[in-house]
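Student: Just so it is clear, I am handing over final_38.cif, which has mmCIF, C-alpha atoms.
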data_work
#
loop_
_atom_site.label_atom_id
_atom_site.label_comp_id
_atom_site.auth_asym_id
_atom_site.auth_seq_id
_atom_site.Cartn_x
_atom_site.Cartn_y
_atom_site.Cartn_z
CA THR A 461 15.17 -48.97 -67.53
CA MET A 462 18.45 -48.67 -65.67
CA ILE A 463 19.67 -51.19 -63.12
CA ASN A 464 22.22 -50.81 -60.34
CA LYS A 465 22.46 -54.21 -58.65
CA VAL A 466 25.45 -56.01 -57.18
CA THR A 467 25.58 -59.64 -56.04
CA LEU A 468 28.68 -60.88 -54.21
CA VAL A 469 29.71 -64.05 -52.42
CA GLY A 470 32.88 -63.63 -50.40
CA ARG A 471 34.61 -63.73 -47.04
CA LEU A 472 34.78 -60.86 -44.58
CA GLY A 473 38.28 -59.38 -44.42
CA LYS A 474 37.80 -57.99 -40.90
CA ASP A 475 35.13 -57.61 -38.24
CA PRO A 476 32.49 -55.04 -39.20
CA GLU A 477 32.97 -51.48 -37.95
CA VAL A 478 29.84 -49.66 -36.75
CA ARG A 479 29.59 -45.90 -36.32
CA HIS A 480 26.68 -44.15 -34.61
CA PHE A 481 25.57 -40.62 -35.47
CA ASP A 482 23.77 -37.86 -33.57
CA ASN A 483 20.52 -38.32 -35.52
CA ASN A 484 20.12 -41.86 -34.09
CA SER A 485 21.31 -43.48 -37.32
CA SER A 486 24.31 -45.73 -37.79
CA VAL A 487 26.40 -47.30 -40.53
CA CYS A 488 28.21 -50.62 -40.65
CA ASN A 489 31.30 -50.83 -42.87
CA PHE A 490 33.21 -53.97 -43.78
CA THR A 491 35.12 -55.55 -46.63
CA ILE A 492 34.68 -58.88 -48.34
CA ALA A 493 37.08 -60.67 -50.64
CA THR A 494 36.02 -62.52 -53.77
CA SER A 495 38.39 -64.65 -55.77
CA GLU A 496 38.47 -66.40 -59.08
CA SER A 497 41.10 -68.59 -60.63
CA TYR A 498 42.17 -69.18 -64.18
CA THR A 499 45.01 -70.77 -66.14
CA ASP A 500 47.43 -68.35 -67.79
CA LYS A 501 49.21 -68.78 -71.15
CA GLU A 502 52.01 -70.80 -69.51
CA GLY A 503 49.51 -73.23 -67.99
CA GLN A 504 49.96 -71.89 -64.46
CA ARG A 505 46.94 -71.61 -62.22
CA VAL A 506 46.44 -68.00 -61.14
CA GLU A 507 44.11 -66.84 -58.38
CA GLN A 508 42.87 -63.25 -58.49
CA THR A 509 41.36 -61.69 -55.36
CA GLU A 510 39.22 -58.55 -55.36
CA TRP A 511 38.36 -56.58 -52.22
CA HIS A 512 34.95 -54.89 -52.01
CA ASN A 513 33.96 -52.14 -49.58
CA LEU A 514 30.43 -52.50 -48.20
CA ALA A 515 28.15 -50.24 -46.17
CA ILE A 516 24.91 -51.08 -44.38
CA TRP A 517 22.62 -48.16 -43.49
CA ARG A 518 19.37 -49.94 -42.54
CA LYS A 519 19.12 -49.96 -38.74
CA GLY A 520 17.89 -53.54 -38.39
CA LEU A 521 20.58 -54.84 -40.73
CA VAL A 522 23.29 -52.83 -38.96
CA ASP A 523 22.27 -54.42 -35.66
CA VAL A 524 22.36 -57.96 -37.10
CA ALA A 525 25.71 -57.37 -38.82
CA GLU A 526 27.26 -55.93 -35.66
CA LYS A 527 26.06 -58.87 -33.58
CA TYR A 528 26.77 -61.80 -35.88
CA LEU A 529 29.27 -61.00 -38.64
CA LYS A 530 32.95 -61.74 -38.00
CA LYS A 531 36.16 -61.83 -39.99
CA GLY A 532 36.30 -64.91 -42.22
CA HIS A 533 32.52 -65.48 -42.46
CA LEU A 534 31.24 -66.46 -45.90
CA LEU A 535 28.48 -64.09 -46.98
CA TYR A 536 26.04 -63.68 -49.87
CA VAL A 537 25.32 -59.96 -50.36
CA GLU A 538 22.92 -58.02 -52.58
CA GLY A 539 23.06 -54.26 -52.94
CA LYS A 540 23.89 -51.38 -55.24
CA LEU A 541 27.03 -49.44 -56.12
CA ARG A 542 27.34 -45.93 -54.77
CA THR A 543 30.22 -43.48 -55.13
CA ARG A 544 30.73 -40.73 -52.58
CA SER A 545 33.29 -37.97 -52.31
CA TRP A 546 34.86 -35.79 -49.64
CA ASP A 547 37.78 -33.40 -49.24
CA ASP A 548 40.83 -34.85 -47.46
CA LYS A 549 42.93 -32.93 -44.92
CA ASP A 550 44.94 -31.34 -47.76
CA GLY A 551 41.81 -30.15 -49.57
CA ASN A 552 42.01 -32.77 -52.33
CA LYS A 553 38.77 -34.29 -53.58
CA ARG A 554 38.68 -38.02 -52.72
CA TYR A 555 36.26 -40.66 -54.00
CA THR A 556 35.30 -44.15 -52.95
CA THR A 557 32.89 -46.63 -54.45
CA GLU A 558 31.15 -49.07 -52.15
CA VAL A 559 28.29 -51.54 -52.19
CA VAL A 560 25.31 -50.28 -50.21
CA VAL A 561 23.84 -53.50 -48.83
CA ASP A 562 20.12 -54.23 -49.25
CA SER A 563 20.27 -57.79 -47.91
CA PHE A 564 22.72 -60.48 -46.93
CA LYS A 565 22.72 -64.18 -46.16
CA MET A 566 25.18 -66.00 -43.95
CA LEU A 567 26.32 -69.08 -45.85
CA GLU A 568 28.07 -70.99 -43.07
CA LYS A 569 27.12 -72.06 -39.60
CA ARG A 570 29.82 -70.94 -37.22
CA GLU A 571 30.52 -73.33 -34.36
CA SER A 572 32.10 -70.68 -32.16
CA SER A 573 28.91 -68.62 -31.81
CA SER A 574 26.12 -70.26 -29.81
CA ASN A 575 23.83 -67.31 -30.60
CA ASN A 576 24.39 -67.56 -34.34
CA PRO A 577 21.07 -67.15 -36.16
CA GLY A 578 21.90 -70.22 -38.22
CA GLU A 579 23.14 -71.27 -41.58
CA GLY A 580 21.50 -69.71 -44.59
CA GLN A 581 19.32 -67.19 -42.76
CA ASN A 582 18.38 -64.16 -44.87
CA PHE A 583 18.53 -60.62 -43.55
CA SER A 584 16.91 -57.96 -45.67
CA LYS A 585 14.38 -55.92 -43.74
CA ALA A 586 14.72 -53.82 -40.64
CA PRO A 587 12.31 -54.77 -37.83
CA GLU A 588 10.88 -51.24 -37.71
CA PRO A 589 9.41 -49.30 -40.65
CA ILE A 590 12.04 -47.79 -42.92
CA SER A 591 9.86 -45.34 -44.79
CA ASN A 592 12.20 -42.46 -43.92
CA GLN A 593 15.27 -44.42 -44.98
CA SER A 594 16.35 -42.04 -47.74
CA THR A 595 16.16 -39.00 -45.45
CA SER A 596 18.25 -40.52 -42.66
CA GLN A 597 20.64 -42.06 -45.15
CA ASP A 598 21.22 -38.76 -46.91
CA SER A 599 21.93 -36.89 -43.67
CA SER A 600 24.20 -39.68 -42.44
CA SER A 601 26.05 -39.77 -45.74
CA ALA A 602 26.85 -36.09 -45.45
CA LYS A 603 28.56 -36.68 -42.11
CA VAL A 604 30.55 -39.66 -43.38
CA GLU A 605 31.79 -37.79 -46.45
CA ASN A 606 33.96 -35.53 -44.31
CA GLU A 607 35.75 -38.38 -42.57
CA SER A 608 39.19 -39.55 -43.61
CA ASP A 609 39.61 -42.46 -45.98
CA ASP A 610 40.28 -45.65 -44.01
CA LEU A 611 40.57 -47.88 -47.06
CA PRO A 612 43.45 -50.37 -47.07
CA PHE A 613 44.72 -49.17 -50.46
#
Since I need it in another form, could you write the structure as structure tokens?
Tutor:
Amino acid sequence: TMINKVTLVGRLGKDPEVRHFDNNSSVCNFTIATSESYTDKEGQRVEQTEWHNLAIWRKGLVDVAEKYLKKGHLLYVEGKLRTRSWDDKDGNKRYTTEVVVDSFKMLEKRESSSNNPGEGQNFSKAPEPISNQSTSQDSSSAKVENESDDLPF
């Protein structure tokens, strides 16, 4: 049995970006930062930060993310790694690996949002049936692959 599962707890690096496509699907992209600290050989405390690119394809989750997630929020995320490729404007093959989000949980209650769904609420299922998820995801992925790379590095 093979497993492709990612679990992250981190802070959003920017507000989520949502794109809508002609086939009535949408994708939400955002980054979260995770950090760990350790003591090096000289006894100095070192903090190492990793940035992770995330994508939400499930309609119900996209809607929740667009409405509630903001830069700086602490988030628990579960998903799977997926690598996609496209040709850039010079014809070079480009690749990116991202976490395709299956569910997320907001870990902090934000005072600034009176409509916040609340601390610790889980989001994992779209409100409507998602039986055709793979079909719409595949057709949406094909459109995204041709877009330019907007990664910060």
Student: To test your reading of the syntax: which residues would the PyMOL selection byres ((chain A and resi 476-489) around 6) return for the file shown? Reply as a ChimeraX atom specification.
Tutor: /A:475,490,514-517,522
Student: Could you check how far atom CA of A:Leu529 sits from atom CA of A:Leu472, in Å to one decimal?
Tutor: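 Spanning atom CA of A:Leu529 to atom CA of A:Leu472 is a straight-line distance of 8.1 Å.
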Student: I'd like the contact shell of A:His512 - 7 Å cut-off, all atoms listed in the file, skipping same-chain residues fewer than 5 positions apart - returned as a ChimeraX atom specification.
Tutor: /A:491-493,558
Student: Which residue, A:Thr499, A:Gln504, A:Met566, A:Lys549, has the smallest gap to A:Gly532 when you use all atoms listed in the file?
Tutor: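 That would be A:Met566, the residue with the smallest distance to A:Gly532.
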Student: Considering only C-alpha atoms, can you say which of A:Val524, A:Tyr536, A:Trp546, A:Lys531 comes closest to A:Thr494?
Tutor: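 The shortest atom-to-atom distance to A:Thr494 comes from A:Tyr536.
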Student: Let me make sure I understand: among A:Glu526, A:Asp500, A:Asp547, A:Glu568, which one has the smallest atom-to-atom distance to A:Lys474 if we use all atoms listed in the file?
Tutor: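 Using all atoms listed in the file, the shortest distance to A:Lys474 belongs to A:Glu526.
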Student: Run the PyMOL selection byres ((chain A and resi 469) around 6) on the file and write out the hits as a list in words.
Tutor: Leu468, Gly470, Leu535 and Tyr536 of chain A
Student: Kindly reconstruct stretch 499-514 of chain A with N, CA and C atoms and present the result as a CSV table (one decimal), keeping the file's coordinate frame.
Tutor:
chain,number,residue,atom,x,y,z
A,499,THR,N,43.7,-70.3,-65.7
A,499,THR,CA,45.0,-70.8,-66.1
A,499,THR,C,45.6,-69.8,-67.1
A,500,ASP,N,46.8,-69.3,-66.9
A,500,ASP,CA,47.4,-68.4,-67.8
A,500,ASP,C,48.0,-69.0,-69.0
A,501,LYS,N,48.7,-68.3,-69.9
A,501,LYS,CA,49.2,-68.8,-71.2
A,501,LYS,C,50.3,-69.9,-70.9
A,502,GLU,N,51.0,-69.8,-69.8
A,502,GLU,CA,52.0,-70.8,-69.5
A,502,GLU,C,51.4,-72.0,-68.8
A,503,GLY,N,50.1,-72.1,-68.6
A,503,GLY,CA,49.5,-73.2,-68.0
A,503,GLY,C,49.5,-73.2,-66.5
A,504,GLN,N,49.9,-72.0,-65.9
A,504,GLN,CA,50.0,-71.9,-64.5
A,504,GLN,C,48.6,-71.4,-63.9
A,505,ARG,N,48.2,-72.0,-62.8
A,505,ARG,CA,46.9,-71.6,-62.2
A,505,ARG,C,47.1,-70.3,-61.5
A,506,VAL,N,46.3,-69.3,-61.8
A,506,VAL,CA,46.4,-68.0,-61.1
A,506,VAL,C,45.1,-67.7,-60.4
A,507,GLU,N,45.3,-67.2,-59.2
A,507,GLU,CA,44.1,-66.8,-58.4
A,507,GLU,C,44.1,-65.3,-58.2
A,508,GLN,N,43.0,-64.7,-58.6
A,508,GLN,CA,42.9,-63.2,-58.5
A,508,GLN,C,41.8,-62.9,-57.4
A,509,THR,N,42.2,-62.1,-56.5
A,509,THR,CA,41.4,-61.7,-55.4
A,509,THR,C,41.0,-60.2,-55.5
A,510,GLU,N,39.7,-59.9,-55.3
A,510,GLU,CA,39.2,-58.6,-55.4
A,510,GLU,C,38.6,-58.2,-54.0
A,511,TRP,N,38.9,-57.0,-53.5
A,511,TRP,CA,38.4,-56.6,-52.2
A,511,TRP,C,37.2,-55.6,-52.5
A,512,HIS,N,36.1,-55.7,-51.8
A,512,HIS,CA,35.0,-54.9,-52.0
A,512,HIS,C,34.6,-54.2,-50.7
A,513,ASN,N,34.4,-52.9,-50.7
A,513,ASN,CA,34.0,-52.1,-49.6
A,513,ASN,C,32.4,-52.1,-49.5
A,514,LEU,N,31.9,-52.4,-48.4
A,514,LEU,CA,30.4,-52.5,-48.2
A,514,LEU,C,30.0,-51.6,-47.1
